[in-house]
Amino acid sequence: MSQTLIVLDIPGIKSYVFASNSLREIQGASALIDHFSRWETESLLRNWFHRNRPAHAPTVSVKKVFANAGGGQFLAQAEGSPDENETKVRQAVLHLAQELHGRSCGGLALSFGIAPVPEGPDGYRRALDLAHKRMRHRRKNAPKSGALATWPLARECESLALEPAGVSVNIGGDVVPETDPRGRWLSHVTLQKLEAALWARGRIGAENRGSGRAHGLWKEFEEQVGRPPAYNLDALGSEAKRAGYIGLLYADGNSMGQVVRKIPDPDSYRAFSEIVDGSIRKSTYGLVRELELEAFPLLLGGDDLVMVVAADRALQFAARLPEEFQRCSREAINSSAAPRWLRERCPHGFSLSIGIAFGRARHPFHLLLHQAEQLLQSAKRDALGEKDPTGKARIDFHLTHSSSTREIGPLRKEEWELWEKIGHRDGRSITCRRTFRPYRPHELTALLECVSQLRGAGMPRNKVSTLGEAAWSDSLLEAEILALETIGRMKPGQRQALAFLEKKLHCSGTPPFYTIPDSTTRRAFAIDLQECFSLGSSNELSGSSNERPWAAPTESPSVATCQPWKQENHHA
């Protein structure tokens with residue numbers, strides 16, 4: 001009896017899911033990947049071995065280690081030599097790759113690595129390292145798709161640039177697209193995404209045509225939350241107090257790779273994967289239900305979450321999510337069912353960081369996603385030096401209503417820092433950052449509480465904007481004079497709210513640029529406060545966080561929306 005380890009991965013998931021700006025296509029692409037990874041991969045492997053088993057030959061058993069978020073790991077066990085079994089497994093996985101290629105009409109490819117599991121206590125680790133090495137080699141040497149020879153004669157897809165259109169369809173509402181020479185010319189990749197979206201929402205399917213029953217991730221959302229997700233971005237933006245604005249939230253676990261590299265056996269890997277995946281789902285659904293959020297998850301699984309939330313509720317959700325995720329994972333790790341090594345190595349649970357990009361619902365979606373990714377990386381970098389395993393969570397956010405979106409890193413380096421000379425002979429200078437971001441969860445909670453207190457004390461919007469303008473000053477002295485003058489005109493309750501935030505952030509010195517412990521850089525929270533204050537208002541913000549406060553907002557182009565999947569549902 002020999003075992004063969006199978007490692008699967010779908011590269012370029014975000015490029016596939018967010019290739020276009022159509023929310024319907026994004027929904028369909030996400031549903032296709034989620035359903036194929038979580039439900040179909042295992043059954044397709046089992047069915048292939050069953051169909052291709054010679055008469056009187058031993059059955060090949062397939063044991064799932066994990067399967068979610070576009071990846072998976074399986075153990076195939078059968079009698080025979082390791083080489084013979086590896087050959088069978090390779091044929092089965094190649095069939096699986098062809099199936100995914102066909103389901104996505106060439107939009108997705110399956111990367112895999114196969115390795116025999118040797119005898120011995122470290123056999124699994126050795127096989128896992130070899131499988132990952134082979135997968136990287138296969139991905140590196142995969143043939144690149146070339147340009148079509150007939151490209152000058154091909155019509156381009158009207159939704160997905162650089163893809164040749166293959167069919168003209170008339171799409172409207174939630175109906176199955178029909179071929180129509182007067183309709184939109186779309187590629188087969190795009191058409192498959194649209195049909196997958198209709199299938200996921202229960203609009204088409206063999207056993208539920210028109211029944212309205214959702215599938216996959218959206219079915220799970222309805223069951224856990226008690227209501228369907230908000231499928232339309234415009235409707236979601238209209239739910240926000242700052243009308244028309246949404247928050248695109250991107251969360252990812254911290255230091256997961258360090259834990260994965262220490263996993264000793266497949267049972268421990270299975271337990272680890274179930275704990276992480278179960279914790280992110282439980283904490284997300286629990287908070288959405290508790291806070292009564294209108295939200296739409298685009299990717300959810302493993303330690304990843306990409307979700308759209310009404311703008312005024314996104315920060316509230318983000319401030320609570322890391323704590324809930326850590327609590328859920330800690331409880332699961334310290335249960336009797338968890339492996340001993342995991343209880344010893346991660347007794348406090350896991351942490352995650354979050355990036356949130358705020359913008360209009362009609363802002364180009366791929367630009368918001370790009371910003372959310374940058375903000376997530378900014379949050380993770382800030383947590384690298386954190387020694388406390390329970391304090392690694394960070395949250396970074398950015399608000400823009402300009403159609404021209406800049407890179408977050410250069411923007412904050414060039415526009416969000418002030419250098420002030422404090423010595424004439426030695427040339428010494430002091431660096432002032434115009435933000436406290438990224439925030440720890442309890443710091444963000446304090447910021448939101450300060451906003452709530454200011455509103456309760458009748459704080460006018462123009463005074464919050466003036467504090468932000470003080471932080472934008474090019475002179476430290478001018479900034480301090482304007483900030484002190486503004487605070488001096490505040491009511492006692494309003495000053496108490498600012499004092500509360502200063503205490504929670506351990507600020508000392510003169511506003512708006514405060515001295516904080518263990519740092520030579522002064523920081524200001526005035527602009528952060530201004531943005532949070534504005535998200536709860538339907539009025540226009542006096543200053544954009546993407547530009548200087550006096551920059552005029554520019555309306556962004558509208559988001560295209562479409563609809564419709566040809567694959568029948570194998571799992572209700």
# chains A, B, ... in the order shown; residues from 1 in each chain; ligands from 1
>>> residues_around(residues="Lys133 of chain A", least_positions_apart="6", cutoff="10 Å", atoms="only C-alpha atoms", output="mmCIF file with all heavy atoms, in the first residue's frame")
data_model
loop_
_atom_site.group_PDB
_atom_site.id
_atom_site.type_symbol
_atom_site.label_atom_id
_atom_site.label_comp_id
_atom_site.auth_asym_id
_atom_site.auth_seq_id
_atom_site.Cartn_x
_atom_site.Cartn_y
_atom_site.Cartn_z
ATOM 1 N N PHE A 112 -0.440 22.072 -10.267
ATOM 2 C CA PHE A 112 -0.427 20.968 -9.313
ATOM 3 C C PHE A 112 0.982 20.405 -9.144
ATOM 4 O O PHE A 112 1.872 20.612 -9.972
ATOM 5 C CB PHE A 112 -1.385 19.853 -9.753
ATOM 6 C CG PHE A 112 -1.024 19.216 -11.073
ATOM 7 C CD1 PHE A 112 -0.155 18.132 -11.148
ATOM 8 C CD2 PHE A 112 -1.570 19.700 -12.251
ATOM 9 C CE1 PHE A 112 0.164 17.548 -12.362
ATOM 10 C CE2 PHE A 112 -1.255 19.129 -13.476
ATOM 11 C CZ PHE A 112 -0.388 18.049 -13.537
ATOM 12 N N GLY A 113 1.155 19.699 -8.038
ATOM 13 C CA GLY A 113 2.386 18.976 -7.756
ATOM 14 C C GLY A 113 2.039 17.640 -7.143
ATOM 15 O O GLY A 113 1.134 17.539 -6.308
ATOM 16 N N ILE A 114 2.740 16.585 -7.553
ATOM 17 C CA ILE A 114 2.472 15.223 -7.092
ATOM 18 C C ILE A 114 3.762 14.635 -6.557
ATOM 19 O O ILE A 114 4.830 14.798 -7.167
ATOM 20 C CB ILE A 114 1.917 14.347 -8.240
ATOM 21 C CG1 ILE A 114 0.616 14.956 -8.775
ATOM 22 C CG2 ILE A 114 1.695 12.919 -7.776
ATOM 23 C CD1 ILE A 114 0.136 14.300 -10.043
ATOM 24 N N ALA A 115 3.671 13.935 -5.431
ATOM 25 C CA ALA A 115 4.871 13.324 -4.846
ATOM 26 C C ALA A 115 4.478 12.109 -4.032
ATOM 27 O O ALA A 115 3.467 12.125 -3.319
ATOM 28 C CB ALA A 115 5.599 14.324 -3.956
ATOM 29 N N ALA A 127 7.278 14.735 1.360
ATOM 30 C CA ALA A 127 6.417 14.682 0.175
ATOM 31 C C ALA A 127 5.813 16.053 -0.113
ATOM 32 O O ALA A 127 5.703 16.460 -1.278
ATOM 33 C CB ALA A 127 5.313 13.649 0.385
ATOM 34 N N ARG A 139 4.612 25.442 -12.911
ATOM 35 C CA ARG A 139 4.061 26.772 -13.176
ATOM 36 C C ARG A 139 5.069 27.633 -13.931
ATOM 37 O O ARG A 139 4.697 28.405 -14.830
ATOM 38 C CB ARG A 139 3.676 27.443 -11.858
ATOM 39 C CG ARG A 139 2.940 28.746 -12.020
ATOM 40 C CD ARG A 139 2.619 29.344 -10.668
ATOM 41 N NE ARG A 139 1.774 28.478 -9.877
ATOM 42 C CZ ARG A 139 1.423 28.706 -8.617
ATOM 43 N NH1 ARG A 139 1.881 29.791 -8.005
ATOM 44 N NH2 ARG A 139 0.639 27.886 -7.973
#
>>> residues_around(residues="Glu42 of chain A", least_positions_apart="5", cutoff="10 Å", atoms="only C-alpha atoms", output="number ranges by chain")
A: 36-37, 47, 62-64, 66-67, 72-74, 96
>>> closest_residue(among="A:Gln453, A:Ser159, A:Asn68, A:Asn462", to="Glu274 of chain A", atoms="only C-alpha atoms")
A:Asn68
>>> atom_distance(atom1="atom CA of Glu292 of chain A", atom2="atom CA of Gly202 of chain A")
23.5 Å
>>> closest_residue(among="A:Val89, A:Tyr231, A:Val65, A:Thr4", to="Glu119 of chain A", atoms="only C-alpha atoms")
A:Thr4
>>> closest_residue(among="A:Arg46, A:Arg433, A:Lys504, A:Lys380", to="Glu417 of chain A", atoms="only C-alpha atoms")
A:Arg433
>>> residues_around(residues="segment 236-251 of chain A", least_positions_apart="3", cutoff="6 Å", atoms="only C-alpha atoms", output="mmCIF file with all heavy atoms, in the first residue's frame")
data_model
loop_
_atom_site.group_PDB
_atom_site.id
_atom_site.type_symbol
_atom_site.label_atom_id
_atom_site.label_comp_id
_atom_site.auth_asym_id
_atom_site.auth_seq_id
_atom_site.Cartn_x
_atom_site.Cartn_y
_atom_site.Cartn_z
ATOM 1 N N LEU A 233 -24.164 46.974 -6.193
ATOM 2 C CA LEU A 233 -23.307 47.949 -5.538
ATOM 3 C C LEU A 233 -24.010 49.286 -5.331
ATOM 4 O O LEU A 233 -23.832 49.934 -4.294
ATOM 5 C CB LEU A 233 -22.029 48.167 -6.353
ATOM 6 C CG LEU A 233 -20.961 47.072 -6.317
ATOM 7 C CD1 LEU A 233 -19.723 47.528 -7.054
ATOM 8 C CD2 LEU A 233 -20.617 46.706 -4.891
ATOM 9 N N ASP A 304 -8.655 34.276 3.852
ATOM 10 C CA ASP A 304 -8.914 35.447 3.011
ATOM 11 C C ASP A 304 -10.375 35.864 3.085
ATOM 12 O O ASP A 304 -11.277 35.025 3.167
ATOM 13 C CB ASP A 304 -8.555 35.164 1.546
ATOM 14 C CG ASP A 304 -7.057 35.011 1.339
ATOM 15 O OD1 ASP A 304 -6.305 35.717 2.016
ATOM 16 O OD2 ASP A 304 -6.660 34.168 0.524
ATOM 17 N N LEU A 305 -10.576 37.162 3.010
ATOM 18 C CA LEU A 305 -11.916 37.724 2.911
ATOM 19 C C LEU A 305 -11.858 38.967 2.046
ATOM 20 O O LEU A 305 -11.063 39.876 2.306
ATOM 21 C CB LEU A 305 -12.465 38.082 4.299
ATOM 22 C CG LEU A 305 -13.745 38.947 4.316
ATOM 23 C CD1 LEU A 305 -14.922 38.181 3.714
ATOM 24 C CD2 LEU A 305 -14.074 39.406 5.728
ATOM 25 N N VAL A 306 -12.669 38.994 0.995
ATOM 26 C CA VAL A 306 -12.884 40.204 0.195
ATOM 27 C C VAL A 306 -14.381 40.461 0.216
ATOM 28 O O VAL A 306 -15.167 39.641 -0.263
ATOM 29 C CB VAL A 306 -12.374 40.045 -1.248
ATOM 30 C CG1 VAL A 306 -12.633 41.319 -2.043
ATOM 31 C CG2 VAL A 306 -10.894 39.701 -1.276
ATOM 32 N N MET A 307 -14.788 41.600 0.769
ATOM 33 C CA MET A 307 -16.211 41.858 0.956
ATOM 34 C C MET A 307 -16.499 43.343 0.770
ATOM 35 O O MET A 307 -15.681 44.190 1.131
ATOM 36 C CB MET A 307 -16.649 41.412 2.353
ATOM 37 C CG MET A 307 -18.154 41.462 2.575
ATOM 38 S SD MET A 307 -18.684 40.575 4.075
ATOM 39 C CE MET A 307 -18.096 41.686 5.334
ATOM 40 N N VAL A 308 -17.659 43.627 0.206
ATOM 41 C CA VAL A 308 -18.111 45.004 0.012
ATOM 42 C C VAL A 308 -19.153 45.322 1.084
ATOM 43 O O VAL A 308 -20.074 44.532 1.321
ATOM 44 C CB VAL A 308 -18.725 45.205 -1.391
ATOM 45 C CG1 VAL A 308 -19.081 46.662 -1.612
ATOM 46 C CG2 VAL A 308 -17.751 44.731 -2.459
ATOM 47 N N VAL A 309 -18.981 46.467 1.736
ATOM 48 C CA VAL A 309 -19.858 46.885 2.827
ATOM 49 C C VAL A 309 -20.225 48.345 2.607
ATOM 50 O O VAL A 309 -19.458 49.104 2.006
ATOM 51 C CB VAL A 309 -19.149 46.719 4.194
ATOM 52 C CG1 VAL A 309 -20.107 47.022 5.337
ATOM 53 C CG2 VAL A 309 -18.584 45.318 4.345
ATOM 54 N N ALA A 310 -21.394 48.740 3.076
ATOM 55 C CA ALA A 310 -21.754 50.157 3.055
ATOM 56 C C ALA A 310 -20.690 50.947 3.802
ATOM 57 O O ALA A 310 -20.212 50.532 4.857
ATOM 58 C CB ALA A 310 -23.123 50.368 3.697
ATOM 59 N N ALA A 311 -20.310 52.107 3.262
ATOM 60 C CA ALA A 311 -19.114 52.808 3.716
ATOM 61 C C ALA A 311 -19.129 53.122 5.204
ATOM 62 O O ALA A 311 -18.122 52.952 5.893
ATOM 63 C CB ALA A 311 -18.943 54.105 2.916
ATOM 64 N N ASP A 312 -20.255 53.570 5.740
ATOM 65 C CA ASP A 312 -20.269 54.015 7.137
ATOM 66 C C ASP A 312 -20.171 52.869 8.131
ATOM 67 O O ASP A 312 -19.929 53.086 9.313
ATOM 68 C CB ASP A 312 -21.539 54.824 7.413
ATOM 69 C CG ASP A 312 -22.798 54.018 7.134
ATOM 70 O OD1 ASP A 312 -22.929 53.525 6.001
ATOM 71 O OD2 ASP A 312 -23.630 53.879 8.044
ATOM 72 N N ALA A 314 -18.222 49.940 7.412
ATOM 73 C CA ALA A 314 -17.045 49.112 7.131
ATOM 74 C C ALA A 314 -16.016 49.188 8.256
ATOM 75 O O ALA A 314 -15.434 48.177 8.649
ATOM 76 C CB ALA A 314 -16.417 49.538 5.804
ATOM 77 N N SER A 353 -4.908 40.987 9.350
ATOM 78 C CA SER A 353 -4.845 42.414 9.049
ATOM 79 C C SER A 353 -5.838 42.737 7.941
ATOM 80 O O SER A 353 -6.229 41.852 7.164
ATOM 81 C CB SER A 353 -3.429 42.822 8.647
ATOM 82 O OG SER A 353 -2.546 42.719 9.747
ATOM 83 N N ILE A 354 -6.214 44.006 7.861
ATOM 84 C CA ILE A 354 -7.294 44.410 6.960
ATOM 85 C C ILE A 354 -6.915 45.692 6.228
ATOM 86 O O ILE A 354 -6.346 46.615 6.820
ATOM 87 C CB ILE A 354 -8.598 44.651 7.747
ATOM 88 C CG1 ILE A 354 -8.987 43.404 8.549
ATOM 89 C CG2 ILE A 354 -9.732 45.045 6.810
ATOM 90 C CD1 ILE A 354 -10.169 43.619 9.468
ATOM 91 N N GLY A 355 -7.221 45.750 4.953
ATOM 92 C CA GLY A 355 -7.134 46.971 4.167
ATOM 93 C C GLY A 355 -8.520 47.329 3.640
ATOM 94 O O GLY A 355 -9.244 46.455 3.151
ATOM 95 N N ILE A 356 -8.898 48.594 3.758
ATOM 96 C CA ILE A 356 -10.228 49.030 3.314
ATOM 97 C C ILE A 356 -10.082 50.214 2.369
ATOM 98 O O ILE A 356 -9.516 51.250 2.739
ATOM 99 C CB ILE A 356 -11.131 49.448 4.489
ATOM 100 C CG1 ILE A 356 -11.089 48.419 5.604
ATOM 101 C CG2 ILE A 356 -12.566 49.644 4.010
ATOM 102 C CD1 ILE A 356 -11.831 48.846 6.843
ATOM 103 N N ALA A 357 -10.588 50.076 1.164
ATOM 104 C CA ALA A 357 -10.600 51.162 0.188
ATOM 105 C C ALA A 357 -12.023 51.698 0.087
ATOM 106 O O ALA A 357 -12.957 50.949 -0.210
ATOM 107 C CB ALA A 357 -10.114 50.674 -1.171
ATOM 108 N N PHE A 358 -12.196 52.990 0.370
ATOM 109 C CA PHE A 358 -13.503 53.629 0.296
ATOM 110 C C PHE A 358 -13.616 54.413 -1.006
ATOM 111 O O PHE A 358 -12.668 55.082 -1.431
ATOM 112 C CB PHE A 358 -13.706 54.594 1.467
ATOM 113 C CG PHE A 358 -13.839 53.923 2.800
ATOM 114 C CD1 PHE A 358 -12.767 53.883 3.673
ATOM 115 C CD2 PHE A 358 -15.029 53.331 3.179
ATOM 116 C CE1 PHE A 358 -12.879 53.272 4.912
ATOM 117 C CE2 PHE A 358 -15.162 52.721 4.409
ATOM 118 C CZ PHE A 358 -14.085 52.687 5.279
ATOM 119 N N GLY A 359 -14.767 54.356 -1.608
ATOM 120 C CA GLY A 359 -15.006 55.126 -2.822
ATOM 121 C C GLY A 359 -16.470 55.048 -3.204
ATOM 122 O O GLY A 359 -17.278 54.376 -2.555
ATOM 123 N N ARG A 360 -16.826 55.734 -4.271
ATOM 124 C CA ARG A 360 -18.197 55.688 -4.759
ATOM 125 C C ARG A 360 -18.506 54.296 -5.295
ATOM 126 O O ARG A 360 -17.626 53.591 -5.773
ATOM 127 C CB ARG A 360 -18.408 56.718 -5.868
ATOM 128 C CG ARG A 360 -18.217 58.170 -5.425
ATOM 129 C CD ARG A 360 -18.443 59.102 -6.613
ATOM 130 N NE ARG A 360 -18.112 60.480 -6.282
ATOM 131 C CZ ARG A 360 -18.956 61.334 -5.732
ATOM 132 N NH1 ARG A 360 -20.186 60.945 -5.466
ATOM 133 N NH2 ARG A 360 -18.586 62.563 -5.452
ATOM 134 N N ALA A 361 -19.778 53.926 -5.235
ATOM 135 C CA ALA A 361 -20.196 52.629 -5.758
ATOM 136 C C ALA A 361 -19.909 52.514 -7.250
ATOM 137 O O ALA A 361 -19.700 51.414 -7.767
ATOM 138 C CB ALA A 361 -21.688 52.415 -5.491
ATOM 139 N N ALA A 372 -7.175 48.435 -2.006
ATOM 140 C CA ALA A 372 -7.374 47.574 -0.837
ATOM 141 C C ALA A 372 -6.196 46.621 -0.647
ATOM 142 O O ALA A 372 -5.769 46.361 0.488
ATOM 143 C CB ALA A 372 -8.680 46.795 -0.985
ATOM 144 N N LEU A 535 -17.745 59.952 6.657
ATOM 145 C CA LEU A 535 -18.388 58.740 6.167
ATOM 146 C C LEU A 535 -19.786 58.570 6.740
ATOM 147 O O LEU A 535 -20.605 57.854 6.175
ATOM 148 C CB LEU A 535 -17.539 57.511 6.523
ATOM 149 C CG LEU A 535 -16.249 57.346 5.717
ATOM 150 C CD1 LEU A 535 -15.414 56.205 6.255
ATOM 151 C CD2 LEU A 535 -16.563 57.125 4.244
ATOM 152 N N GLY A 536 -20.044 59.228 7.846
ATOM 153 C CA GLY A 536 -21.374 59.150 8.423
ATOM 154 C C GLY A 536 -22.278 60.271 7.993
ATOM 155 O O GLY A 536 -23.351 60.450 8.553
ATOM 156 N N SER A 537 -21.859 61.046 6.987
ATOM 157 C CA SER A 537 -22.635 62.202 6.546
ATOM 158 C C SER A 537 -22.972 62.070 5.080
ATOM 159 O O SER A 537 -22.186 61.574 4.290
ATOM 160 C CB SER A 537 -21.841 63.495 6.781
ATOM 161 O OG SER A 537 -22.488 64.584 6.164
ATOM 162 N N SER A 538 -24.145 62.527 4.714
ATOM 163 C CA SER A 538 -24.524 62.517 3.297
ATOM 164 C C SER A 538 -23.993 63.731 2.567
ATOM 165 O O SER A 538 -24.092 63.826 1.349
ATOM 166 C CB SER A 538 -26.056 62.478 3.174
ATOM 167 O OG SER A 538 -26.616 63.617 3.790
#
>>> closest_residue(among="A:Glu449, A:Ser273, A:Gln27, A:Arg38", to="Pro229 of chain A", atoms="only C-alpha atoms")
A:Gln27
>>> residues_around(residues="Gly80 of chain A", least_positions_apart="5", cutoff="7 Å", atoms="only C-alpha atoms", output="VMD selection string")
chain A and resid 1 to 2 85
>>> atom_distance(atom1="atom CA of Val225 of chain A", atom2="atom CA of Tyr285 of chain A")
6.1 Å
